[in-house]
Amino acid sequence: MTREPLLQITWTDPVTGRRGYVVIDSLVRGIASGGLRLREGCTLEEVRGLARGMARKEALVYNPVDRYVPLGGAKGGIDINPHDPQAHVVLKRFLTAVLPVVREQWNTGEDFGLRQEVIDAIVGELGLPTTIEPAFAAVDDPDAARKRLADAFAVVVDGIPLGDLVGGYGVAEAALAVAEREGIEAKGATAVVQGFGSIGGAVARYLERAGVRVVAVADRDGLLSDPGGLDIEALLAARDGLGVVDRAKVNAEHGDRDAWLDIEADLLVPAAMSYVISGADADRIKARIVVEGANMPTLPEAEAALTARGIPVVPDFLANVMTNAWWWWVVFGDIEPTAADSFRKISETMRRLVTFVGDDAARDGSTLRAAALALAERNAAAIANRFGS
Ligand SMILES: NC(=O)c1ccc[n+]([C@@H]2O[C@H](COP(=O)([O-])OP(=O)(O)OC[C@H]3O[C@@H](n4cnc5c(N)ncnc54)[C@H](O)[C@@H]3O)[C@@H](O)[C@H]2O)c1
């Protein structure tokens, strides 16, 4: 796919000079989906890549029997550190400037460095009930859909809102399904997770619950490790709103956050930033499977080197697709707004996709990424045929 995105906006904050971006890669029935991230150094190129990834995620989970009609792909990003004291006001000025796109086309939500309750509060102040108004306009019974979504977001599972768990639960399911195919049993397997926010925290929780020993976790402030397996629930309880663990409250060895790649483990799960595994890093990796919890963590030369060593990389648009899909299953009414129904649908869908993509890759001698991409492209063509843009 070499085509250009349908729309790209570069915004410059009149007060600080910070840049913000919105990219709409594709539209289905006039609407698209993709979160908004806050990251120092975020670029238009990055947001373009992420928007393309969203188009793939939307297409990948397409199941003609679902009520959920996939959307196009979009993404937003602001070049600012989420901890910057100016971040909130810059975010508000950005959303004010791009509000017509948010209202009409771009269904958005939390991503790296931004919590859903923060973006909800700001769009509320700007007069929008939610960050997904274009999607509500596309369903048969918007009031019922709004209620389902509100109910789903009110669910808390062992101290963590369901909305902050579904994405990481999907990543854990992807990891476990691929591990099974590789002959690795969950019980007794080990994992390292970079990032301990929405995705990383939930991956760690559900890997641990499946019997995997999570031996190291990296957050913004460093590496926490324990060869016997970290107490993930204790770490989750000591985490702040941006996924940073209060060291005073946990027992673990402390290390440099960049040492996460050197720890020996079966599963390596980057679940923080993009571009964190370069070609030069690939040799350091001792894992048997890399599972992309984050978007675009592995650079192509690194993936090529890992593939040559027989280490599969589960691509981002497969592994972390479930936050997006879950929102739409709830909105379109494919699932009840409960934890049990959410986890059931995620697990079923992820296992189906991993089987499909894994079988295709094995048959063609290709990577999981190539097989998943081919499936997404086939689905995108079927969606365009059925629903148009
Ligand atoms: N939240 C979702 O549902 C979702 C869905 C799909 C993809 N993603 C992708 O997953 C990634 C993580 O998103 P999130 O929502 O969990 O973010 P988050 O803001 O909740 O968490 C980010 C985590 O990364 C840590 N971190 C920051 N700098 C770090 C560094 N230098 N080294 C190690 N850790 C560092 C933070 O401490 C935090 O634990 C992003 O790439 C995002 O695009 C998120």
# chains A, B, ... in the order shown; residues from 1 in each chain; ligands from 1
>>> residues_around(residues="A:Val61", least_positions_apart="4", cutoff="8 Å", atoms="only C-alpha atoms", output="ChimeraX atom specification")
/A:57,321,325,349,353
>>> residues_around(residues="stretch 242-247 of chain A", least_positions_apart="4", cutoff="7 Å", atoms="only C-alpha atoms", output="list in words")
Gly113, Phe196, Gly197, Asp219, Arg220, Asp221, Leu235 and Ala238 of chain A
>>> atom_distance(atom1="atom 10 (O, counted along the ligand's line) of ligand 1", atom2="atom CA of A:Asp364")
29.1 Å
>>> residues_around(residues="stretch 303-314 of chain A", least_positions_apart="6", cutoff="6 Å", atoms="only C-alpha atoms", output="VMD selection string")
chain A and resid 288 to 292
>>> closest_residue(among="A:Gly365, A:Gly183, A:Gly34, A:Gly127", to="ligand 1", atoms="only C-alpha atoms and all ligand atoms")
A:Gly34
>>> closest_residue(among="A:Ile277, A:Ala216, A:Ile232, A:Ala137", to="A:Ala265", atoms="only C-alpha atoms")
A:Ala216
>>> residues_around(residues="A:Asp158", least_positions_apart="6", cutoff="12 Å", atoms="only C-alpha atoms", output="JSON, numbers by chain")
{"A": [164, 165, 202, 205, 206, 233, 234, 236, 237, 339]}
>>> write_last_selection(atoms="all heavy atoms", output="PDB file, in the first residue's frame")
ATOM      1  N   ASP A 164      -9.306  -0.231  30.627  1.00  0.00           N
ATOM      2  CA  ASP A 164      -7.838  -0.200  30.673  1.00  0.00           C
ATOM      3  C   ASP A 164      -7.238  -1.601  30.644  1.00  0.00           C
ATOM      4  O   ASP A 164      -6.018  -1.746  30.712  1.00  0.00           O
ATOM      5  CB  ASP A 164      -7.358   0.501  31.952  1.00  0.00           C
ATOM      6  CG  ASP A 164      -7.583   1.999  31.888  1.00  0.00           C
ATOM      7  OD1 ASP A 164      -7.756   2.524  30.774  1.00  0.00           O
ATOM      8  OD2 ASP A 164      -7.602   2.631  32.958  1.00  0.00           O
ATOM      9  N   LEU A 165      -8.088  -2.617  30.572  1.00  0.00           N
ATOM     10  CA  LEU A 165      -7.583  -3.997  30.612  1.00  0.00           C
ATOM     11  C   LEU A 165      -7.721  -4.724  29.288  1.00  0.00           C
ATOM     12  O   LEU A 165      -6.934  -5.616  28.976  1.00  0.00           O
ATOM     13  CB  LEU A 165      -8.358  -4.801  31.673  1.00  0.00           C
ATOM     14  CG  LEU A 165      -8.097  -4.430  33.133  1.00  0.00           C
ATOM     15  CD1 LEU A 165      -9.064  -5.189  34.044  1.00  0.00           C
ATOM     16  CD2 LEU A 165      -6.658  -4.765  33.525  1.00  0.00           C
ATOM     17  N   ALA A 202      -1.781  -4.580  31.970  1.00  0.00           N
ATOM     18  CA  ALA A 202      -2.756  -5.655  31.753  1.00  0.00           C
ATOM     19  C   ALA A 202      -2.094  -6.897  31.152  1.00  0.00           C
ATOM     20  O   ALA A 202      -2.447  -8.029  31.514  1.00  0.00           O
ATOM     21  CB  ALA A 202      -3.892  -5.170  30.855  1.00  0.00           C
ATOM     22  N   ARG A 205      -0.519  -8.636  34.038  1.00  0.00           N
ATOM     23  CA  ARG A 205      -1.523  -9.287  34.893  1.00  0.00           C
ATOM     24  C   ARG A 205      -1.995 -10.602  34.266  1.00  0.00           C
ATOM     25  O   ARG A 205      -2.027 -11.626  34.934  1.00  0.00           O
ATOM     26  CB  ARG A 205      -2.720  -8.360  35.106  1.00  0.00           C
ATOM     27  CG  ARG A 205      -3.875  -9.096  35.755  1.00  0.00           C
ATOM     28  CD  ARG A 205      -5.137  -8.262  35.909  1.00  0.00           C
ATOM     29  NE  ARG A 205      -5.114  -7.505  37.159  1.00  0.00           N
ATOM     30  CZ  ARG A 205      -6.168  -6.827  37.631  1.00  0.00           C
ATOM     31  NH1 ARG A 205      -7.298  -6.799  36.939  1.00  0.00           N
ATOM     32  NH2 ARG A 205      -6.096  -6.165  38.767  1.00  0.00           N
ATOM     33  N   TYR A 206      -2.353 -10.559  32.997  1.00  0.00           N
ATOM     34  CA  TYR A 206      -2.995 -11.763  32.433  1.00  0.00           C
ATOM     35  C   TYR A 206      -1.975 -12.827  32.024  1.00  0.00           C
ATOM     36  O   TYR A 206      -2.325 -14.012  32.000  1.00  0.00           O
ATOM     37  CB  TYR A 206      -3.972 -11.372  31.316  1.00  0.00           C
ATOM     38  CG  TYR A 206      -5.153 -10.657  31.947  1.00  0.00           C
ATOM     39  CD1 TYR A 206      -5.316  -9.275  31.823  1.00  0.00           C
ATOM     40  CD2 TYR A 206      -6.054 -11.360  32.743  1.00  0.00           C
ATOM     41  CE1 TYR A 206      -6.359  -8.612  32.466  1.00  0.00           C
ATOM     42  CE2 TYR A 206      -7.101 -10.711  33.393  1.00  0.00           C
ATOM     43  CZ  TYR A 206      -7.247  -9.336  33.253  1.00  0.00           C
ATOM     44  OH  TYR A 206      -8.268  -8.700  33.916  1.00  0.00           O
ATOM     45  N   GLU A 233       0.381  -7.977  40.911  1.00  0.00           N
ATOM     46  CA  GLU A 233      -0.722  -7.236  41.548  1.00  0.00           C
ATOM     47  C   GLU A 233      -0.175  -6.168  42.494  1.00  0.00           C
ATOM     48  O   GLU A 233      -0.740  -5.074  42.583  1.00  0.00           O
ATOM     49  CB  GLU A 233      -1.674  -8.187  42.274  1.00  0.00           C
ATOM     50  CG  GLU A 233      -2.496  -9.076  41.341  1.00  0.00           C
ATOM     51  CD  GLU A 233      -3.333  -8.314  40.297  1.00  0.00           C
ATOM     52  OE1 GLU A 233      -3.903  -7.260  40.618  1.00  0.00           O
ATOM     53  OE2 GLU A 233      -3.394  -8.782  39.136  1.00  0.00           O
ATOM     54  N   ALA A 234       0.933  -6.460  43.157  1.00  0.00           N
ATOM     55  CA  ALA A 234       1.530  -5.456  44.053  1.00  0.00           C
ATOM     56  C   ALA A 234       2.055  -4.279  43.229  1.00  0.00           C
ATOM     57  O   ALA A 234       1.898  -3.108  43.601  1.00  0.00           O
ATOM     58  CB  ALA A 234       2.656  -6.090  44.873  1.00  0.00           C
ATOM     59  N   LEU A 236       0.904  -3.340  40.302  1.00  0.00           N
ATOM     60  CA  LEU A 236      -0.259  -2.603  39.769  1.00  0.00           C
ATOM     61  C   LEU A 236      -0.840  -1.681  40.839  1.00  0.00           C
ATOM     62  O   LEU A 236      -1.236  -0.545  40.551  1.00  0.00           O
ATOM     63  CB  LEU A 236      -1.324  -3.583  39.271  1.00  0.00           C
ATOM     64  CG  LEU A 236      -0.982  -4.357  37.996  1.00  0.00           C
ATOM     65  CD1 LEU A 236      -1.990  -5.482  37.748  1.00  0.00           C
ATOM     66  CD2 LEU A 236      -0.944  -3.416  36.777  1.00  0.00           C
ATOM     67  N   ALA A 237      -0.852  -2.159  42.067  1.00  0.00           N
ATOM     68  CA  ALA A 237      -1.419  -1.354  43.159  1.00  0.00           C
ATOM     69  C   ALA A 237      -0.536  -0.139  43.459  1.00  0.00           C
ATOM     70  O   ALA A 237      -1.006   0.852  44.011  1.00  0.00           O
ATOM     71  CB  ALA A 237      -1.581  -2.220  44.400  1.00  0.00           C
ATOM     72  N   ALA A 339     -17.426  -7.795  31.979  1.00  0.00           N
ATOM     73  CA  ALA A 339     -16.059  -8.305  31.837  1.00  0.00           C
ATOM     74  C   ALA A 339     -16.076  -9.693  31.191  1.00  0.00           C
ATOM     75  O   ALA A 339     -15.278  -9.979  30.290  1.00  0.00           O
ATOM     76  CB  ALA A 339     -15.384  -8.355  33.197  1.00  0.00           C
TER      77      ALA A 339
END
>>> closest_residue(among="A:Glu40, A:Glu253, A:Asp334, A:Asp120", to="A:Asp226", atoms="only C-alpha atoms")
A:Glu253
>>> residues_around(residues="A:Val203", least_positions_apart="5", cutoff="8 Å", atoms="only C-alpha atoms", output="VMD selection string")
chain A and resid 168 to 172 193
>>> decode(residues="stretch 273-297 of chain A", atoms="N, CA, C and O atoms", output="PDB file, in the first residue's frame")
ATOM      1  N   MET A 273       6.781   2.563  24.025  1.00  0.00           N
ATOM      2  CA  MET A 273       6.895   3.507  22.906  1.00  0.00           C
ATOM      3  C   MET A 273       7.129   2.787  21.573  1.00  0.00           C
ATOM      4  O   MET A 273       7.399   1.596  21.527  1.00  0.00           O
ATOM      5  N   SER A 274       7.101   3.602  20.519  1.00  0.00           N
ATOM      6  CA  SER A 274       7.467   3.107  19.193  1.00  0.00           C
ATOM      7  C   SER A 274       8.997   3.116  19.046  1.00  0.00           C
ATOM      8  O   SER A 274       9.701   3.801  19.792  1.00  0.00           O
ATOM      9  N   TYR A 275       9.490   2.368  18.060  1.00  0.00           N
ATOM     10  CA  TYR A 275      10.897   2.386  17.623  1.00  0.00           C
ATOM     11  C   TYR A 275      11.889   2.036  18.737  1.00  0.00           C
ATOM     12  O   TYR A 275      12.957   2.627  18.832  1.00  0.00           O
ATOM     13  N   VAL A 276      11.543   1.081  19.614  1.00  0.00           N
ATOM     14  CA  VAL A 276      12.440   0.786  20.736  1.00  0.00           C
ATOM     15  C   VAL A 276      13.350  -0.416  20.474  1.00  0.00           C
ATOM     16  O   VAL A 276      14.260  -0.676  21.246  1.00  0.00           O
ATOM     17  N   ILE A 277      13.097  -1.158  19.378  1.00  0.00           N
ATOM     18  CA  ILE A 277      13.997  -2.269  19.047  1.00  0.00           C
ATOM     19  C   ILE A 277      14.593  -1.998  17.678  1.00  0.00           C
ATOM     20  O   ILE A 277      13.933  -2.132  16.640  1.00  0.00           O
ATOM     21  N   SER A 278      15.851  -1.553  17.685  1.00  0.00           N
ATOM     22  CA  SER A 278      16.525  -1.221  16.421  1.00  0.00           C
ATOM     23  C   SER A 278      17.296  -2.440  15.926  1.00  0.00           C
ATOM     24  O   SER A 278      17.435  -3.439  16.641  1.00  0.00           O
ATOM     25  N   GLY A 279      17.837  -2.323  14.718  1.00  0.00           N
ATOM     26  CA  GLY A 279      18.635  -3.424  14.172  1.00  0.00           C
ATOM     27  C   GLY A 279      19.787  -3.784  15.098  1.00  0.00           C
ATOM     28  O   GLY A 279      20.096  -4.958  15.311  1.00  0.00           O
ATOM     29  N   ALA A 280      20.395  -2.757  15.685  1.00  0.00           N
ATOM     30  CA  ALA A 280      21.531  -3.003  16.576  1.00  0.00           C
ATOM     31  C   ALA A 280      21.103  -3.732  17.844  1.00  0.00           C
ATOM     32  O   ALA A 280      21.903  -4.442  18.463  1.00  0.00           O
ATOM     33  N   ASP A 281      19.830  -3.553  18.238  1.00  0.00           N
ATOM     34  CA  ASP A 281      19.353  -4.200  19.476  1.00  0.00           C
ATOM     35  C   ASP A 281      19.018  -5.675  19.276  1.00  0.00           C
ATOM     36  O   ASP A 281      18.952  -6.438  20.247  1.00  0.00           O
ATOM     37  N   ALA A 282      18.732  -6.050  18.025  1.00  0.00           N
ATOM     38  CA  ALA A 282      18.159  -7.384  17.788  1.00  0.00           C
ATOM     39  C   ALA A 282      19.028  -8.499  18.363  1.00  0.00           C
ATOM     40  O   ALA A 282      18.514  -9.488  18.885  1.00  0.00           O
ATOM     41  N   ASP A 283      20.346  -8.328  18.298  1.00  0.00           N
ATOM     42  CA  ASP A 283      21.257  -9.370  18.796  1.00  0.00           C
ATOM     43  C   ASP A 283      21.165  -9.551  20.301  1.00  0.00           C
ATOM     44  O   ASP A 283      21.531 -10.598  20.838  1.00  0.00           O
ATOM     45  N   ARG A 284      20.720  -8.485  20.987  1.00  0.00           N
ATOM     46  CA  ARG A 284      20.643  -8.569  22.457  1.00  0.00           C
ATOM     47  C   ARG A 284      19.468  -9.433  22.900  1.00  0.00           C
ATOM     48  O   ARG A 284      19.428  -9.893  24.037  1.00  0.00           O
ATOM     49  N   ILE A 285      18.504  -9.608  21.991  1.00  0.00           N
ATOM     50  CA  ILE A 285      17.264 -10.270  22.394  1.00  0.00           C
ATOM     51  C   ILE A 285      17.450 -11.782  22.507  1.00  0.00           C
ATOM     52  O   ILE A 285      17.922 -12.430  21.581  1.00  0.00           O
ATOM     53  N   LYS A 286      17.064 -12.307  23.686  1.00  0.00           N
ATOM     54  CA  LYS A 286      17.211 -13.754  23.902  1.00  0.00           C
ATOM     55  C   LYS A 286      15.854 -14.438  23.935  1.00  0.00           C
ATOM     56  O   LYS A 286      15.756 -15.642  24.168  1.00  0.00           O
ATOM     57  N   ALA A 287      14.789 -13.656  23.734  1.00  0.00           N
ATOM     58  CA  ALA A 287      13.437 -14.219  23.840  1.00  0.00           C
ATOM     59  C   ALA A 287      13.165 -15.189  22.701  1.00  0.00           C
ATOM     60  O   ALA A 287      13.836 -15.182  21.672  1.00  0.00           O
ATOM     61  N   ARG A 288      12.109 -16.009  22.882  1.00  0.00           N
ATOM     62  CA  ARG A 288      11.708 -16.940  21.814  1.00  0.00           C
ATOM     63  C   ARG A 288      10.586 -16.350  20.961  1.00  0.00           C
ATOM     64  O   ARG A 288      10.358 -16.813  19.841  1.00  0.00           O
ATOM     65  N   ILE A 289       9.877 -15.369  21.509  1.00  0.00           N
ATOM     66  CA  ILE A 289       8.810 -14.688  20.759  1.00  0.00           C
ATOM     67  C   ILE A 289       8.804 -13.213  21.180  1.00  0.00           C
ATOM     68  O   ILE A 289       8.933 -12.909  22.368  1.00  0.00           O
ATOM     69  N   VAL A 290       8.648 -12.322  20.216  1.00  0.00           N
ATOM     70  CA  VAL A 290       8.458 -10.896  20.528  1.00  0.00           C
ATOM     71  C   VAL A 290       6.997 -10.569  20.219  1.00  0.00           C
ATOM     72  O   VAL A 290       6.503 -10.882  19.126  1.00  0.00           O
ATOM     73  N   VAL A 291       6.325  -9.956  21.174  1.00  0.00           N
ATOM     74  CA  VAL A 291       4.897  -9.652  20.998  1.00  0.00           C
ATOM     75  C   VAL A 291       4.734  -8.137  21.098  1.00  0.00           C
ATOM     76  O   VAL A 291       5.001  -7.555  22.154  1.00  0.00           O
ATOM     77  N   GLU A 292       4.304  -7.523  20.006  1.00  0.00           N
ATOM     78  CA  GLU A 292       4.256  -6.058  19.968  1.00  0.00           C
ATOM     79  C   GLU A 292       2.991  -5.526  20.655  1.00  0.00           C
ATOM     80  O   GLU A 292       1.955  -5.343  20.025  1.00  0.00           O
ATOM     81  N   GLY A 293       3.121  -5.258  21.960  1.00  0.00           N
ATOM     82  CA  GLY A 293       2.018  -4.624  22.683  1.00  0.00           C
ATOM     83  C   GLY A 293       1.890  -3.164  22.281  1.00  0.00           C
ATOM     84  O   GLY A 293       0.792  -2.627  22.136  1.00  0.00           O
ATOM     85  N   ALA A 294       3.026  -2.500  22.112  1.00  0.00           N
ATOM     86  CA  ALA A 294       3.043  -1.098  21.666  1.00  0.00           C
ATOM     87  C   ALA A 294       2.849  -1.042  20.155  1.00  0.00           C
ATOM     88  O   ALA A 294       2.948  -2.061  19.469  1.00  0.00           O
ATOM     89  N   ASN A 295       2.594   0.144  19.660  1.00  0.00           N
ATOM     90  CA  ASN A 295       2.538   0.338  18.214  1.00  0.00           C
ATOM     91  C   ASN A 295       3.939   0.617  17.682  1.00  0.00           C
ATOM     92  O   ASN A 295       4.658   1.450  18.240  1.00  0.00           O
ATOM     93  N   MET A 296       4.296  -0.059  16.625  1.00  0.00           N
ATOM     94  CA  MET A 296       5.560   0.138  15.905  1.00  0.00           C
ATOM     95  C   MET A 296       6.809   0.116  16.801  1.00  0.00           C
ATOM     96  O   MET A 296       7.680   0.953  16.673  1.00  0.00           O
ATOM     97  N   PRO A 297       6.921  -0.845  17.714  1.00  0.00           N
ATOM     98  CA  PRO A 297       8.134  -0.869  18.547  1.00  0.00           C
ATOM     99  C   PRO A 297       9.356  -1.431  17.830  1.00  0.00           C
ATOM    100  O   PRO A 297      10.490  -1.107  18.190  1.00  0.00           O
TER     101      PRO A 297
END
